[in-house]
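The block underneath contains the structure these notes are about, expressed in structure tokens.
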Amino acid sequence: MKRNDLQNVQTVLVADPVANRRRKLAQTKGPVRAIEAASLLEAYPIAEEMVPAMIAISTDFLAEPELEGFLRLAKMLESRAFLFGTDGRGPATGLVGANLPCLAVRSGDTIHDLIVRMADPRLHLSAAEGDLRIPELILIGASTGGVAAIETVLKSFPADCPPTLVVQHIRDGFVPGLVRRLDNACRPHVVAAVDGARLTRGTVYFAAEPTHHLTVAGRPGALRCALVAAPPCHGHRPAVDPLFDSAVACGDRVAAALLTGMGTDGALGLGSLHQAGAHTIAQDRDSSVVWGMPRAAIESGAAGDVLPIDRIGGALLAARPRRTADLHLRRVVQ
């Protein structure tokens, strides 16, 4: 589809689970007609019936198993598909839709505004130049209420997710059963972290030693688990802060989330990661069982994003602007 064709689009399907954002985008102007879908399952029959010229897909759907089939349908219908989100993040390599353009949604935008920006060739040039940093390492910390929260996040991960390290405050003796449960419930392989284990894609490493903290060692591209015998931190061992602190040298290669929990463990480490250019996320108050650890991170400025638990998995997997190219990319997508 050429630039002039983009500017003359008349029918667009907007697939977005966030009702307020979806409705604002659909309040379009000019000749554009916007059709709304709150889920991919709802979008399927609409696309088949209406055959829209363009399909705008929220980045919230990146982890949905239905996305691959939906994009095949869009290709068959010759509908131009693109991604959008409130922060302009795109998907990670290995995920469905990795080659789609991704636009940031500003306050007051309609779908017509996004179509106009889609016509800007600089958007596609930016993506081709590799201005997006894909997370090479994912870190998760949680405490009270964290077992269910972690399961929600990991269930959204594909089988080839980036290596992921998890610290959950839990009583000694309960970790082996939890690891087995998560391994059975999730597509990635979930294992108890072993000292010296090389970090590989598709594996989630769970802190399991009550006498050691789980940390990351090595250099980017050759990272490994390191179990460190050290005193408890914030009254916990393993604790979240040692894990987060150990990955600061990886900078913007890291995506980290601090989930529901009591106390402040993880907030300082998340702040250090944030300062180093990592993508940092705190769970929001409404979806947290105990809003202690995430709140401490938010109030200290450590959290780049504050999200409900059902959106954190997709956000951890999403690509973001490289730190050195932030200004350039912002000009392009906004």
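Chain identifiers are assigned as A, B, and so on, following the order in which chains appear in the structure tokens; residues are numbered from 1 within each chain, and ligands are numbered from 1 in order of appearance.
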
Excluding Tyr44 (chain A) and any residue of its chain fewer than 2 positions from it, enumerate the residues within 10 Å of it, using only C-alpha atoms, and give them as a PDB file with N, CA and C atoms, in the first residue's frame.
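Written out: result_7.pdb:
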ATOM      1  N   ALA A  15      -8.722  -3.131  16.839  1.00  0.00           N
ATOM      2  CA  ALA A  15      -8.790  -4.222  17.810  1.00  0.00           C
ATOM      3  C   ALA A  15      -8.024  -3.813  19.063  1.00  0.00           C
ATOM      4  N   ALA A  37     -13.375  -3.710  17.817  1.00  0.00           N
ATOM      5  CA  ALA A  37     -13.379  -5.089  18.311  1.00  0.00           C
ATOM      6  C   ALA A  37     -12.620  -5.113  19.623  1.00  0.00           C
ATOM      7  N   SER A  39     -11.700  -7.862  21.259  1.00  0.00           N
ATOM      8  CA  SER A  39     -10.843  -9.040  21.358  1.00  0.00           C
ATOM      9  C   SER A  39     -10.530  -9.540  19.955  1.00  0.00           C
ATOM     10  N   LEU A  40      -9.525 -10.390  19.849  1.00  0.00           N
ATOM     11  CA  LEU A  40      -9.197 -10.958  18.537  1.00  0.00           C
ATOM     12  C   LEU A  40     -10.280 -11.916  18.072  1.00  0.00           C
ATOM     13  N   LEU A  41     -10.890 -12.623  19.008  1.00  0.00           N
ATOM     14  CA  LEU A  41     -11.990 -13.519  18.637  1.00  0.00           C
ATOM     15  C   LEU A  41     -13.166 -12.731  18.067  1.00  0.00           C
ATOM     16  N   GLU A  42     -13.391 -11.538  18.598  1.00  0.00           N
ATOM     17  CA  GLU A  42     -14.440 -10.672  18.064  1.00  0.00           C
ATOM     18  C   GLU A  42     -14.018 -10.073  16.723  1.00  0.00           C
ATOM     19  N   ILE A  46     -15.599  -9.928  12.126  1.00  0.00           N
ATOM     20  CA  ILE A  46     -15.753  -8.569  11.613  1.00  0.00           C
ATOM     21  C   ILE A  46     -14.855  -8.356  10.408  1.00  0.00           C
ATOM     22  N   ALA A  47     -13.608  -8.805  10.512  1.00  0.00           N
ATOM     23  CA  ALA A  47     -12.667  -8.654   9.400  1.00  0.00           C
ATOM     24  C   ALA A  47     -13.142  -9.417   8.175  1.00  0.00           C
ATOM     25  N   GLU A  48     -13.618 -10.633   8.390  1.00  0.00           N
ATOM     26  CA  GLU A  48     -14.085 -11.437   7.255  1.00  0.00           C
ATOM     27  C   GLU A  48     -15.269 -10.789   6.559  1.00  0.00           C
ATOM     28  N   GLU A  49     -16.159 -10.177   7.327  1.00  0.00           N
ATOM     29  CA  GLU A  49     -17.367  -9.572   6.754  1.00  0.00           C
ATOM     30  C   GLU A  49     -17.091  -8.218   6.112  1.00  0.00           C
ATOM     31  N   GLU A  66      -4.158 -16.273  19.583  1.00  0.00           N
ATOM     32  CA  GLU A  66      -4.974 -16.079  18.379  1.00  0.00           C
ATOM     33  C   GLU A  66      -4.353 -15.106  17.380  1.00  0.00           C
ATOM     34  N   GLY A  69      -3.022 -16.489  13.803  1.00  0.00           N
ATOM     35  CA  GLY A  69      -4.079 -16.790  12.849  1.00  0.00           C
ATOM     36  C   GLY A  69      -4.766 -15.535  12.336  1.00  0.00           C
ATOM     37  N   PHE A  70      -4.912 -14.545  13.218  1.00  0.00           N
ATOM     38  CA  PHE A  70      -5.566 -13.303  12.809  1.00  0.00           C
ATOM     39  C   PHE A  70      -4.721 -12.566  11.769  1.00  0.00           C
ATOM     40  N   LEU A  71      -3.401 -12.562  11.952  1.00  0.00           N
ATOM     41  CA  LEU A  71      -2.533 -11.901  10.973  1.00  0.00           C
ATOM     42  C   LEU A  71      -2.524 -12.653   9.637  1.00  0.00           C
ATOM     43  N   LEU A  73      -5.157 -14.134   8.473  1.00  0.00           N
ATOM     44  CA  LEU A  73      -6.415 -13.694   7.874  1.00  0.00           C
ATOM     45  C   LEU A  73      -6.259 -12.310   7.246  1.00  0.00           C
ATOM     46  N   ALA A  74      -5.587 -11.393   7.960  1.00  0.00           N
ATOM     47  CA  ALA A  74      -5.380 -10.043   7.432  1.00  0.00           C
ATOM     48  C   ALA A  74      -4.607 -10.089   6.119  1.00  0.00           C
TER      49      ALA A  74
END

Backbone-only DSSP, alpha helix (DSSP H) members of region 75-304 of chain A, as a ChimeraX atom specification: /A:75-76,111-118,121-128,146-155,175-185,240-246,267-275,293-299

Pick from A:Asp113, A:Ala247, A:Phe157, A:Thr144, whichever lies nearest to Phe61 (chain A) using only C-alpha atoms: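 The closest residue to Phe61 (chain A) is A:Phe157.
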
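Using only C-alpha atoms for every distance, the candidate list A:Ala315, A:Met54, A:Cys250, A:Ala257 yields A:Ala315 as the residue closest to Gly85 (chain A).
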
Selection: 9 Å around Ile281 (chain A), only C-alpha atoms, excl. self and same-chain fewer than 2 positions, as a PyMOL selection string: chain A and resi 255-259+270+279+283+294+297-298+302-307+312+315-316

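Running DSSP on the backbone and keeping only strand (DSSP E), the residues of region 26-84 of chain A that qualify are A:Arg33, A:Ala34, A:Ile35, A:Glu36, A:Ala37, A:Met54, A:Ile55, A:Ala56, A:Ile57, A:Ser58, A:Arg80, A:Ala81, A:Phe82, A:Leu83, A:Phe84.
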
Can you tell me which residues surround Arg198 (chain A) at a distance of at most 9 Å, considering only C-alpha atoms, apart from same-chain residues fewer than 3 positions away, and format the answer as a PDB file with C-alpha atoms, in the first residue's frame?
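File produced: part00.pdb:
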ATOM      1  CA  ALA A 222      26.983 -15.320  27.831  1.00  0.00           C
ATOM      2  CA  LEU A 223      24.999 -14.779  31.036  1.00  0.00           C
ATOM      3  CA  ARG A 224      24.590 -17.404  33.715  1.00  0.00           C
ATOM      4  CA  CYS A 225      22.884 -17.946  37.063  1.00  0.00           C
TER       5      CYS A 225
END
